[in-house]
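Engineer: The structure under discussion is supplied below as structure tokens; questions concerning it will follow.
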Amino acid sequence: MRGKIGFFRWFIGFFLLFLYAPAMLLPIFAFNASSIVSFPLTGFTTEWFLVLFTNETLHLAARNSLLIAITTAIFSTLLAVLAARASTRFSFFGRRSIMGFVMLPMVLPEIIIGVSLLVVIIQMGFELSLWSITMGHILICTPFCIAILSSAFMNLDKSLEEASFDLGQTRWNTFWLVIFPLVMPGIVASLLIAFTISLDEFIIAFFLAGTEPTLPVYIWGQLRFPAKLPSLMALGTVLLLVSIGLLLIADYFRRRGIRKTGIENTGGFL
Amino acid sequence: MTLPIIRLSGLDKFYGEFQALSQINLDIKTGEFFSLLGPSGCGKTTLLRAIAGFETLSSGSLQIDGLSMEGVPANKRPTNMVFQSYAIFPHMSVAENVAYGLKARKLPKVEIKARVAEAIDMVGLQGFDERASHALSGGQRQRVALARALVLKPRVLLLDEPLSALDKKLREQMQSELRRLQRAVGITFVLVTHDQEEALTMSDRIAVMFDGKIAQVASPQILYGKPSTRKVAAFIGMMNFLDAKVLAASGDNVEVEVQSLGKLTLSLEQATGGLNGCDSVGVRPEMLTILTGSQTSEREIEAEVTEVSYYGDMTYYDVKFPSKEDPITVTMRNTAGREVLEVGAKARVGWSTSSLLLLK
Amino acid sequence: MVGFQKWRRSESAQGLFLISPTLCFALLLLAVPLVMVAALSFWTQDYLTLDRTFTTANYVTAWTEPMYQYLMARSLKISIFVTVATVFLAYPVAYFISFHVAPKRKAMWIFLITIPFWTSYLMRIFLWKVILGYNGVVNGSLMGLGVIEQPLSFILYNQNAVVLTLAHAWVPFAILPIFVALERVDRSLIEAAEDLGDSRLRRFLRVTLPLSMPGVIAATIIVFIPTIGDYVTPRLVGGPNGLMISNMIELQFKKANNAPLGAALAISAMGIVTFFALVFLWMNRKYVRGPS
């Protein structure tokens with residue numbers, strides 16, 4: 001028994017070190033005084049964070065990314081609500097294959113999505129713009145949102161709807177009075193996950209970016225310049241904190257939803 | 001006496017090829033406690049949901065209070081339902097749950113408040129008004145579900161296996177409480193259950209269903225005492241069956257040849273489901289007696305005890321009749337001084353021709 | 001007409017109606033583009049003019065040119081290595097969380113596993129470059145400890161680095177499905193096996209592992225398919241010998257201005273990956289009996 005737990009403890013210890021290695025280095029280099037990203041550390045500074053405040057290009061890229069992420073979050077959640085509701089509540093012709101198709105972008109290599117959208121946009125003679133990136137992001141975020149919302153809708157006892165209807169409410173009011181409040185935590189979680197994925201997405205953005213870069217495209221451009229690296233580390237730290245913050249909020253709402261529907265919390269994140 | 005509150009005629013329901021209900025004809029009287037009883041999958045819940053408006057009928061007609069319900073959605077029907085899972089809105093308090101239907105009717109706030117308080121009182125949940133619904137026990141949820149439906153004063157209250165989620169003790173308590181409540185409000189209750197004991201103790205009348213068809217509609221006593229088919233007899237309580245052959249019928253008398261018991265003359269009334277196709281004779285275990293000492297009975301038969309199950313107040317014996325393979329069950333009350341027999345003992349079993357039923 | 005009226009109110013119609021916006025979006029932005037890529041792969045391009053006569057020349061190039069063959073084989077090899085490494089890394093972790101962590105703390109552990117995934121994608125890859133580099137963290141520590149005298153050069157700018165970085169990126173995605181499958185394993189089955197006299201190892205091999213196979217299969221598919229499409233990792237840590245087919249696809253679409261060849265390469269890569277995934281699924285269905 002002891003030997004077995006010992007093995008696990010070592011294995012898990014190494015695994016966590018491996019898993020967290022990059023994330024731990026990020027803040028270390030962000031606060032490191034040296035302008036070269038390597039050991040040994042030379043001293044503490046907040047200079048690299050201050051640089052972020054004055055960088056106009058960065059602000060523009062961040063603004064673009066925020067705009068795309070917010071739009072993506074809203075539209076992919078909307079599309080996912082419809083799909084999740086349809087697939088969990090109704091049985092219809094071809095449900096499995098339709099859902100499989102809609103969920104496909106989850107396993108499709110992003111480069112394929114990027115390439116194919118690029119082909120369409122060029123063939124149709126459209127301009128590459130922030131809109132083209134947004135479309136691509138909605139496409140890849142929707143499956144994640146559906147996964148979250150499906151479990152929210154699935155936890156919903158069908159008889160709750162019937163009870164509302166039986167007690168004299170209309171279908172429309174039933175949706176707003178019963179279903180919506182109960183899946184609300186799922187919707188918030190879905191919005192946040194889509195927002196986070198879109199904010200960090202690079203491959204599609206890189207393929208479809210016109211003249212206006214998103215944050216990851218901007219970062220990609222800067223990675224070539226060693227002098228820019230420390231401030232990139234600072235930026236990465238900020239982004240990591242934002243992501244974790246959003247995820248904690250999403251998880252809080254997911255848990256609240258589980259509590260509300262009275263189902264035992266056994267699942268993990270995502 | 002008066003018009004039936006619910007009249008079902010020629011009801012059919014198909015799910016694709018599968019026929020869930022076939023040719024249901026049924027009248028439910030105003031103010032009665034009516035039960036739909038049957039094994040799972042017999043269509044009883046489908047029938048209840050069809051009355052509520054959650055299932056559309058494939059054919060046939062459904063009238064509630066003399067009005068056809070064709071095309072009338074669930075939210076416009078004068079029925080309310082207590083769901084098997086209770087379907088208590090988890091994001092609302094007890095009072096909000098009870099007020100839900102009244103709000104849908106856009107009643108004035110003062111009236112809603114008064115009626116909610118009254119309904120909560122009626123089901124014995126005083127002081128629980130503001131309790132969050134996920135903090136309620138099973139029995140309390142059931143009461144909220146009842147209050148929420150009854151507060152709307154429906155013409156018919158539909159109950160879908162409302163007691164199946166409760167433990168035995170609570171279930172028995174709720175049975176008598178439901179009965180009391182039904183008498184107090186005078187509303188027609190239609191209960192779906194697979195528990196024959198529950199149906200027998202609570203109902204005015206019971207419809208027994210098998211495979212989407214109604215097998216018999218009767219009061220509990222008639223259903224138990226005079227089941228119309230062998231299948232109903234086996235489902236309601238225990239029944240021993242012996243092969244039988246009708247030899248002749250004249251006037252009120254039927255002559256039958258019964259396995260182990262020999263040639264008998266029965267009254268035509270004992271063929272509860274009609275004489276046609278009768279091939280067995282049924283007798284309830286409590287209608288048989290194991291005779292001791294000098295006890296005598298109208299008729300007697302020698303048998304051998306093959307199994308003894310002691311229940312404290314009762315003893316269940318399996319006994320073997322001559323020329324019958326399957327054992328016959330006899331239940332005996334363990335009254336003072338009565339000896340419990342052992343396996344292998346010889347027993348004299350007493351019976352009477354009047355306790356036999358001729359069944360198909 | 002009456003039939004249509006009835007159909008419109010049916011469950012099937014309501015479901016289809018509800019899902020139609022999502023479906024239309026996916027058709028428009030996924031099916032149509034994929035079809036167009038497929039069409040493009042049969043055309044030719046001379047700088048900016050597109051020739052729409054049907055030809056299989058792109059496929060002939062993609063499948064016969066040694067460079068493409070080589071890249072394809074290498075991509076496949078890296079993907080397989082990454083998948084195997086990821087699943088072998090993920091299984092013990094998922095097992096640990098499922099069997100040795102108190103139920104209350106399981107969600108926290110899963111959260112712990114997913115946090116690093118939310119570090120900026122590019123930064124994460126770049127930081128591996130810092131960790132594995134010539135003057136990097138690994139070499140620095142090893143030299144500081146006196147284990148090595150010269151910095152190790154075989155750990156960056158090659159396929160090992162690509163496999164390591166990709167495994168790091170995908171391991172949370174492999175842990176989750178395996179964990180879910182392990183959670184579903186009825187603990188009394190394992191006790192039953194113990195009761196019937198199986199040793200710890202045999203219990204694991206005969207009960208736990210087969211029952212958690214659906215999770216392993218899901219993990220394999222989830223990791224294997226997208227891995228082949230990654231082109232940032234090879235670009236940043238792969239060096240010239242670590243490049244993969246997606247880098248070539250990107251090159252054809254962007255700098256080389258030969259979109260049709262890029263399309264043919266993309267379709268070929270997809271086809272090969274799908275083929276391997278299907279073979280894998282088929283083998284599992286045939287040899288592993290899990291709960292359906």
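We label chains A, B, ... in the order they appear in the structure tokens, count residues from 1 in each chain, and number ligands from 1 in the order shown.
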List the neighbours of Pro214 in chain C out to 7 Å using only C-alpha atoms; skip same-chain residues closer than 2 positions along the sequence, and give me the result as a count of residues only.
Structural biologist: 6
Engineer: Using DSSP on the backbone coordinates, identify the residues of range 23-109 of chain B assigned to helix (DSSP H, G or I); present them as a ChimeraX atom specification.
Structural biologist: /B:44-52,74-76,94-104,109
Engineer: How about saving the chosen residues, N, CA and C atoms kept, as an mmCIF file, in the first residue's frame?
Structural biologist:
```cif
data_model
loop_
_atom_site.group_PDB
_atom_site.id
_atom_site.type_symbol
_atom_site.label_atom_id
_atom_site.label_comp_id
_atom_site.auth_asym_id
_atom_site.auth_seq_id
_atom_site.Cartn_x
_atom_site.Cartn_y
_atom_site.Cartn_z
ATOM 1 N N LYS B 44 -50.856 3.099 -18.207
ATOM 2 C CA LYS B 44 -51.615 3.910 -17.256
ATOM 3 C C LYS B 44 -51.121 5.356 -17.194
ATOM 4 N N THR B 45 -49.779 5.502 -17.220
ATOM 5 C CA THR B 45 -49.250 6.866 -17.188
ATOM 6 C C THR B 45 -49.558 7.604 -18.490
ATOM 7 N N THR B 46 -49.484 6.890 -19.597
ATOM 8 C CA THR B 46 -49.826 7.500 -20.890
ATOM 9 C C THR B 46 -51.263 8.005 -20.868
ATOM 10 N N LEU B 47 -52.144 7.189 -20.292
ATOM 11 C CA LEU B 47 -53.546 7.576 -20.224
ATOM 12 C C LEU B 47 -53.710 8.834 -19.379
ATOM 13 N N LEU B 48 -53.024 8.866 -18.226
ATOM 14 C CA LEU B 48 -53.101 10.028 -17.345
ATOM 15 C C LEU B 48 -52.575 11.275 -18.054
ATOM 16 N N ARG B 49 -51.454 11.102 -18.757
ATOM 17 C CA ARG B 49 -50.858 12.244 -19.461
ATOM 18 C C ARG B 49 -51.722 12.690 -20.627
ATOM 19 N N ALA B 50 -52.470 11.754 -21.195
ATOM 20 C CA ALA B 50 -53.399 12.116 -22.267
ATOM 21 C C ALA B 50 -54.521 12.972 -21.693
ATOM 22 N N ILE B 51 -54.982 12.631 -20.491
ATOM 23 C CA ILE B 51 -56.032 13.430 -19.853
ATOM 24 C C ILE B 51 -55.495 14.826 -19.532
ATOM 25 N N ALA B 52 -54.230 14.866 -19.066
ATOM 26 C CA ALA B 52 -53.618 16.153 -18.712
ATOM 27 C C ALA B 52 -53.353 17.023 -19.934
ATOM 28 N N ALA B 74 -52.517 21.637 -22.517
ATOM 29 C CA ALA B 74 -52.499 21.331 -21.084
ATOM 30 C C ALA B 74 -52.776 22.554 -20.215
ATOM 31 N N ASN B 75 -52.288 23.712 -20.669
ATOM 32 C CA ASN B 75 -52.451 24.891 -19.811
ATOM 33 C C ASN B 75 -53.859 25.478 -19.865
ATOM 34 N N LYS B 76 -54.700 24.914 -20.739
ATOM 35 C CA LYS B 76 -56.068 25.415 -20.813
ATOM 36 C C LYS B 76 -57.069 24.383 -20.293
ATOM 37 N N VAL B 94 -41.356 27.739 -1.273
ATOM 38 C CA VAL B 94 -42.606 26.993 -1.192
ATOM 39 C C VAL B 94 -43.777 27.877 -1.631
ATOM 40 N N ALA B 95 -43.831 29.100 -1.058
ATOM 41 C CA ALA B 95 -44.952 29.988 -1.375
ATOM 42 C C ALA B 95 -44.961 30.359 -2.859
ATOM 43 N N GLU B 96 -43.785 30.597 -3.429
ATOM 44 C CA GLU B 96 -43.707 30.960 -4.852
ATOM 45 C C GLU B 96 -44.173 29.806 -5.733
ATOM 46 N N ASN B 97 -43.822 28.590 -5.317
ATOM 47 C CA ASN B 97 -44.277 27.418 -6.057
ATOM 48 C C ASN B 97 -45.801 27.332 -6.041
ATOM 49 N N VAL B 98 -46.371 27.517 -4.866
ATOM 50 C CA VAL B 98 -47.820 27.397 -4.737
ATOM 51 C C VAL B 98 -48.513 28.533 -5.498
ATOM 52 N N ALA B 99 -47.886 29.701 -5.521
ATOM 53 C CA ALA B 99 -48.507 30.852 -6.177
ATOM 54 C C ALA B 99 -48.375 30.815 -7.694
ATOM 55 N N TYR B 100 -47.533 29.891 -8.207
ATOM 56 C CA TYR B 100 -47.179 29.894 -9.626
ATOM 57 C C TYR B 100 -48.389 29.905 -10.563
ATOM 58 N N GLY B 101 -49.308 28.982 -10.331
ATOM 59 C CA GLY B 101 -50.469 28.877 -11.204
ATOM 60 C C GLY B 101 -51.418 30.055 -11.060
ATOM 61 N N LEU B 102 -51.511 30.586 -9.833
ATOM 62 C CA LEU B 102 -52.398 31.736 -9.607
ATOM 63 C C LEU B 102 -51.864 32.956 -10.333
ATOM 64 N N LYS B 103 -50.526 33.106 -10.327
ATOM 65 C CA LYS B 103 -49.911 34.240 -11.032
ATOM 66 C C LYS B 103 -50.170 34.127 -12.524
ATOM 67 N N ALA B 104 -50.113 32.880 -13.028
ATOM 68 C CA ALA B 104 -50.379 32.676 -14.453
ATOM 69 C C ALA B 104 -51.787 33.150 -14.797
ATOM 70 N N LYS B 109 -53.029 40.419 -6.281
ATOM 71 C CA LYS B 109 -52.015 39.974 -5.322
ATOM 72 C C LYS B 109 -52.610 39.521 -3.993
#
```
Engineer: Could you list, as a ChimeraX atom specification, the residues of chain B having an atom within 12 Å of chain C when counting only C-alpha atoms?
Structural biologist: /B:55-56,58,71
Engineer: Out of A:Gln222, A:Thr174, A:Ser231, A:Thr134, which residue has the shortest atom-to-atom distance to chain B when counting only C-alpha atoms?
Structural biologist: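 Nearest candidate to chain B out of A:Gln222, A:Thr174, A:Ser231, A:Thr134: A:Thr174.
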Engineer: Set the distance at 9 Å and use only C-alpha atoms: which residues neighbour Ile146 in chain A once local chain neighbours fewer than 6 positions away are removed? I'd like the list as a list of chain:residue names.
Structural biologist: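 Non-adjacent residues within range: A:Ser76, A:Thr77, A:Leu79, A:Ala80, A:Val81, A:Leu82, A:Ala83, A:Ala84, A:Met103, A:Ser190.
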Engineer: Could you write out the selected residues, including C-alpha atoms, as a compact mmCIF listing (two decimals), in the first residue's frame?
Structural biologist:
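Once everything was written out, this is result.txt:
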```txt
# COMPACT_ATOMS: atom_id res chain seq x y z
CA SER A 76 -21.82 31.09 -29.98
CA THR A 77 -23.83 30.94 -26.75
CA LEU A 79 -26.39 29.17 -31.28
CA ALA A 80 -25.45 26.69 -28.57
CA VAL A 81 -28.60 27.38 -26.53
CA LEU A 82 -30.71 26.49 -29.56
CA ALA A 83 -28.71 23.37 -30.36
CA ALA A 84 -28.49 22.17 -26.75
CA MET A 103 -19.71 19.46 -32.82
CA SER A 190 -20.79 29.23 -21.75
```
Engineer: One number please: CA of Lys153 in chain B to CA of Pro73 in chain B, in Å, one decimal.
Structural biologist: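 Spanning CA of Lys153 in chain B to CA of Pro73 in chain B is a straight-line distance of 18.1 Å.
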Engineer: Hey, list the chain A side of the contact with chain B: 12 Å cut-off, only C-alpha atoms, answer as a ChimeraX atom specification.
Structural biologist: /A:155-174,177-184,256-263
Engineer: Taking 2 positions as the minimum chain separation for residues in the same chain, which residues sit within 12 Å of Glu110 in chain A when counting only C-alpha atoms? Answer as a PyMOL selection string.
Structural biologist: (chain A and resi 104-108+112-117+136-137+139-141+201-208) or (chain C and resi 30+225-232+246+250+266+270)
Engineer: Based on only C-alpha atoms, which of the residues in chain A come within 7 Å of chain C? I want them as a compact mmCIF listing (two decimals) with N, CA and C atoms, in the first residue's frame.
Structural biologist:
```txt
# COMPACT_ATOMS: atom_id res chain seq x y z
N ILE A 12 2.68 12.15 -9.51
CA ILE A 12 1.83 13.33 -9.54
C ILE A 12 2.67 14.59 -9.31
N LEU A 19 3.46 20.18 -15.71
CA LEU A 19 2.26 20.89 -16.16
C LEU A 19 2.37 22.38 -15.89
N TYR A 20 2.92 22.70 -14.73
CA TYR A 20 2.94 24.10 -14.31
C TYR A 20 4.21 24.85 -14.71
N PRO A 22 5.63 26.06 -17.49
CA PRO A 22 5.54 27.33 -18.22
C PRO A 22 4.76 28.39 -17.46
N ALA A 23 3.65 27.98 -16.85
CA ALA A 23 2.82 28.96 -16.15
C ALA A 23 3.57 29.61 -14.99
N SER A 38 16.08 34.71 -19.44
CA SER A 38 16.78 33.48 -19.09
C SER A 38 17.28 33.60 -17.66
N PHE A 39 17.67 32.46 -17.10
CA PHE A 39 18.26 32.48 -15.76
C PHE A 39 19.72 32.85 -15.87
N LEU A 79 -26.27 30.35 -30.42
CA LEU A 79 -26.39 29.17 -31.28
C LEU A 79 -26.38 27.90 -30.45
N LEU A 82 -29.74 27.11 -28.65
CA LEU A 82 -30.71 26.49 -29.56
C LEU A 82 -30.37 25.02 -29.77
N ALA A 83 -29.10 24.75 -30.06
CA ALA A 83 -28.71 23.37 -30.36
C ALA A 83 -28.86 22.48 -29.12
N ALA A 86 -32.51 21.88 -28.42
CA ALA A 86 -33.11 20.99 -29.41
C ALA A 86 -32.66 19.55 -29.17
N PHE A 90 -35.87 17.48 -27.71
CA PHE A 90 -36.65 16.91 -28.80
C PHE A 90 -35.89 15.78 -29.47
N SER A 91 -36.64 14.79 -29.93
CA SER A 91 -35.98 13.82 -30.78
C SER A 91 -36.45 14.12 -32.19
N PHE A 92 -35.52 14.37 -33.07
CA PHE A 92 -35.92 14.71 -34.43
C PHE A 92 -35.08 13.93 -35.42
N PHE A 93 -35.53 13.99 -36.65
CA PHE A 93 -34.88 13.22 -37.71
C PHE A 93 -33.42 13.64 -37.85
N VAL A 102 -22.36 19.51 -36.06
CA VAL A 102 -22.20 20.79 -35.38
C VAL A 102 -21.03 20.76 -34.39
N VAL A 107 -13.03 18.65 -32.84
CA VAL A 107 -11.91 17.75 -33.11
C VAL A 107 -11.19 18.07 -34.41
N LEU A 108 -11.74 18.98 -35.20
CA LEU A 108 -11.10 19.30 -36.47
C LEU A 108 -9.84 20.14 -36.19
N PRO A 109 -8.71 19.83 -36.83
CA PRO A 109 -7.54 20.69 -36.64
C PRO A 109 -7.88 22.13 -37.03
N GLU A 110 -7.45 23.06 -36.20
CA GLU A 110 -7.81 24.45 -36.45
C GLU A 110 -7.27 24.94 -37.78
N ILE A 111 -6.15 24.37 -38.21
CA ILE A 111 -5.58 24.84 -39.47
C ILE A 111 -6.55 24.55 -40.62
N ILE A 112 -7.28 23.45 -40.53
CA ILE A 112 -8.24 23.10 -41.58
C ILE A 112 -9.37 24.15 -41.61
N SER A 116 -9.93 26.61 -44.72
CA SER A 116 -11.16 26.56 -45.49
C SER A 116 -11.91 27.88 -45.46
N LEU A 117 -11.89 28.56 -44.31
CA LEU A 117 -12.54 29.87 -44.26
C LEU A 117 -11.80 30.86 -45.15
N VAL A 119 -10.17 30.18 -47.86
CA VAL A 119 -10.52 29.87 -49.25
C VAL A 119 -11.85 30.50 -49.61
N VAL A 120 -12.86 30.33 -48.75
CA VAL A 120 -14.18 30.87 -49.03
C VAL A 120 -14.14 32.38 -49.15
N LEU A 139 -17.53 29.61 -34.87
CA LEU A 139 -17.58 28.22 -35.33
C LEU A 139 -16.88 27.27 -34.35
N ASP A 200 -7.83 33.86 -26.72
CA ASP A 200 -6.52 33.21 -26.79
C ASP A 200 -6.24 32.55 -28.14
N GLY A 236 1.53 38.21 -20.77
CA GLY A 236 1.07 36.84 -20.57
C GLY A 236 0.56 36.62 -19.15
N LEU A 239 -2.83 38.18 -18.88
CA LEU A 239 -3.83 37.36 -19.58
C LEU A 239 -4.17 36.10 -18.78
N LEU A 240 -3.14 35.50 -18.18
CA LEU A 240 -3.37 34.29 -17.39
C LEU A 240 -4.29 34.59 -16.21
N SER A 243 -7.79 35.08 -17.46
CA SER A 243 -8.41 33.79 -17.80
C SER A 243 -8.84 33.03 -16.56
N ILE A 244 -7.93 32.95 -15.59
CA ILE A 244 -8.26 32.20 -14.38
C ILE A 244 -9.43 32.84 -13.65
N GLY A 267 -19.01 16.16 -11.26
CA GLY A 267 -18.24 16.45 -12.47
C GLY A 267 -17.07 17.35 -12.18
N GLY A 268 -16.23 17.48 -13.19
CA GLY A 268 -15.11 18.37 -13.06
C GLY A 268 -15.34 19.60 -13.89
N PHE A 269 -14.26 20.24 -14.24
CA PHE A 269 -14.42 21.45 -15.02
C PHE A 269 -14.64 21.10 -16.49
```
Engineer: CA of Ser9 in chain B and CA of Leu191 in chain B, how far apart in Å?
Structural biologist: 19.3 Å
Engineer: Rounded to one decimal place, report the CA of Ala21 in chain A-CA of Ala85 in chain C distance in Å.
Structural biologist: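 Straight-line distance from CA of Ala21 in chain A to CA of Ala85 in chain C works out to 17.7 Å.
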Engineer: Which parts of range 115-318 of chain B does DSSP call strand (DSSP E) when run on the backbone here, written out as a PyMOL selection string?
Structural biologist: chain B and resi 156-160+188-193+205-210+213-218+240-250+253-258+262-267+280-283+289-291+299-310+314-318
Engineer: Mind checking which residues fall within 12 Å of Glu177 in chain B, counting only C-alpha atoms, ignoring those fewer than 3 positions away in the same chain, and posting them as a list in words?
Structural biologist: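 Using only C-alpha atoms, the neighbours found are Met122, Val123, Gly124, Gly139, Gln142, Arg143, Leu146, Leu163, Leu170, Arg171, Glu172, Gln173, Met174, Arg180, Leu181, Gln182, Arg183, Ala184, Thr201 and Met202 of chain B.
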Engineer: Dump N, CA and C atoms for the selected residues as a PDB file, in the first residue's frame?
Structural biologist:
```pdb
ATOM      1  N   MET B 122     -53.677  23.824   4.322  1.00  0.00           N
ATOM      2  CA  MET B 122     -54.440  22.612   4.025  1.00  0.00           C
ATOM      3  C   MET B 122     -53.549  21.371   3.984  1.00  0.00           C
ATOM      4  N   VAL B 123     -52.329  21.526   3.435  1.00  0.00           N
ATOM      5  CA  VAL B 123     -51.453  20.363   3.339  1.00  0.00           C
ATOM      6  C   VAL B 123     -50.508  20.249   4.538  1.00  0.00           C
ATOM      7  N   GLY B 124     -50.732  21.121   5.530  1.00  0.00           N
ATOM      8  CA  GLY B 124     -49.962  21.013   6.761  1.00  0.00           C
ATOM      9  C   GLY B 124     -48.531  21.499   6.651  1.00  0.00           C
ATOM     10  N   GLY B 139     -41.452  13.957   1.672  1.00  0.00           N
ATOM     11  CA  GLY B 139     -42.839  14.122   2.062  1.00  0.00           C
ATOM     12  C   GLY B 139     -43.302  15.560   1.921  1.00  0.00           C
ATOM     13  N   GLN B 142     -43.859  16.511  -1.699  1.00  0.00           N
ATOM     14  CA  GLN B 142     -45.134  15.960  -2.134  1.00  0.00           C
ATOM     15  C   GLN B 142     -46.291  16.886  -1.722  1.00  0.00           C
ATOM     16  N   ARG B 143     -46.191  17.419  -0.489  1.00  0.00           N
ATOM     17  CA  ARG B 143     -47.241  18.317  -0.011  1.00  0.00           C
ATOM     18  C   ARG B 143     -47.261  19.611  -0.811  1.00  0.00           C
ATOM     19  N   LEU B 146     -48.932  18.985  -4.038  1.00  0.00           N
ATOM     20  CA  LEU B 146     -50.387  18.910  -3.851  1.00  0.00           C
ATOM     21  C   LEU B 146     -50.992  20.300  -3.697  1.00  0.00           C
ATOM     22  N   LEU B 163     -46.663   8.502  -4.643  1.00  0.00           N
ATOM     23  CA  LEU B 163     -46.126   7.977  -3.394  1.00  0.00           C
ATOM     24  C   LEU B 163     -44.933   7.049  -3.599  1.00  0.00           C
ATOM     25  N   LEU B 170     -43.853   6.481   5.503  1.00  0.00           N
ATOM     26  CA  LEU B 170     -44.357   7.767   5.049  1.00  0.00           C
ATOM     27  C   LEU B 170     -45.450   7.553   4.006  1.00  0.00           C
ATOM     28  N   ARG B 171     -45.264   6.512   3.203  1.00  0.00           N
ATOM     29  CA  ARG B 171     -46.216   6.227   2.142  1.00  0.00           C
ATOM     30  C   ARG B 171     -47.585   5.897   2.740  1.00  0.00           C
ATOM     31  N   GLU B 172     -47.569   5.081   3.779  1.00  0.00           N
ATOM     32  CA  GLU B 172     -48.841   4.712   4.408  1.00  0.00           C
ATOM     33  C   GLU B 172     -49.521   5.922   5.032  1.00  0.00           C
ATOM     34  N   GLN B 173     -48.695   6.793   5.629  1.00  0.00           N
ATOM     35  CA  GLN B 173     -49.240   7.993   6.245  1.00  0.00           C
ATOM     36  C   GLN B 173     -49.854   8.903   5.171  1.00  0.00           C
ATOM     37  N   MET B 174     -49.128   9.052   4.033  1.00  0.00           N
ATOM     38  CA  MET B 174     -49.619   9.923   2.963  1.00  0.00           C
ATOM     39  C   MET B 174     -50.870   9.352   2.308  1.00  0.00           C
ATOM     40  N   ARG B 180     -58.050  11.740   2.995  1.00  0.00           N
ATOM     41  CA  ARG B 180     -58.712  12.773   3.804  1.00  0.00           C
ATOM     42  C   ARG B 180     -58.831  14.080   3.014  1.00  0.00           C
ATOM     43  N   LEU B 181     -57.719  14.414   2.331  1.00  0.00           N
ATOM     44  CA  LEU B 181     -57.680  15.645   1.548  1.00  0.00           C
ATOM     45  C   LEU B 181     -58.721  15.604   0.444  1.00  0.00           C
ATOM     46  N   GLN B 182     -58.823  14.442  -0.197  1.00  0.00           N
ATOM     47  CA  GLN B 182     -59.759  14.310  -1.316  1.00  0.00           C
ATOM     48  C   GLN B 182     -61.186  14.502  -0.827  1.00  0.00           C
ATOM     49  N   ARG B 183     -61.506  13.944   0.332  1.00  0.00           N
ATOM     50  CA  ARG B 183     -62.859  14.106   0.874  1.00  0.00           C
ATOM     51  C   ARG B 183     -63.104  15.563   1.229  1.00  0.00           C
ATOM     52  N   ALA B 184     -62.067  16.216   1.781  1.00  0.00           N
ATOM     53  CA  ALA B 184     -62.224  17.601   2.219  1.00  0.00           C
ATOM     54  C   ALA B 184     -62.480  18.540   1.053  1.00  0.00           C
ATOM     55  N   THR B 201     -56.696   0.498  -0.916  1.00  0.00           N
ATOM     56  CA  THR B 201     -57.025   1.241   0.301  1.00  0.00           C
ATOM     57  C   THR B 201     -57.551   2.634   0.008  1.00  0.00           C
ATOM     58  N   MET B 202     -57.135   3.241  -1.104  1.00  0.00           N
ATOM     59  CA  MET B 202     -57.481   4.648  -1.316  1.00  0.00           C
ATOM     60  C   MET B 202     -58.692   4.883  -2.208  1.00  0.00           C
TER      61      MET B 202
END
```
Engineer: So, counting only C-alpha atoms, which residue among A:Ser35, A:Met99, A:Ser151, A:Tyr252 is closest to Lys228 in chain A?
Structural biologist: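 Answer, going by the shortest atom-to-atom distance: A:Ser35.
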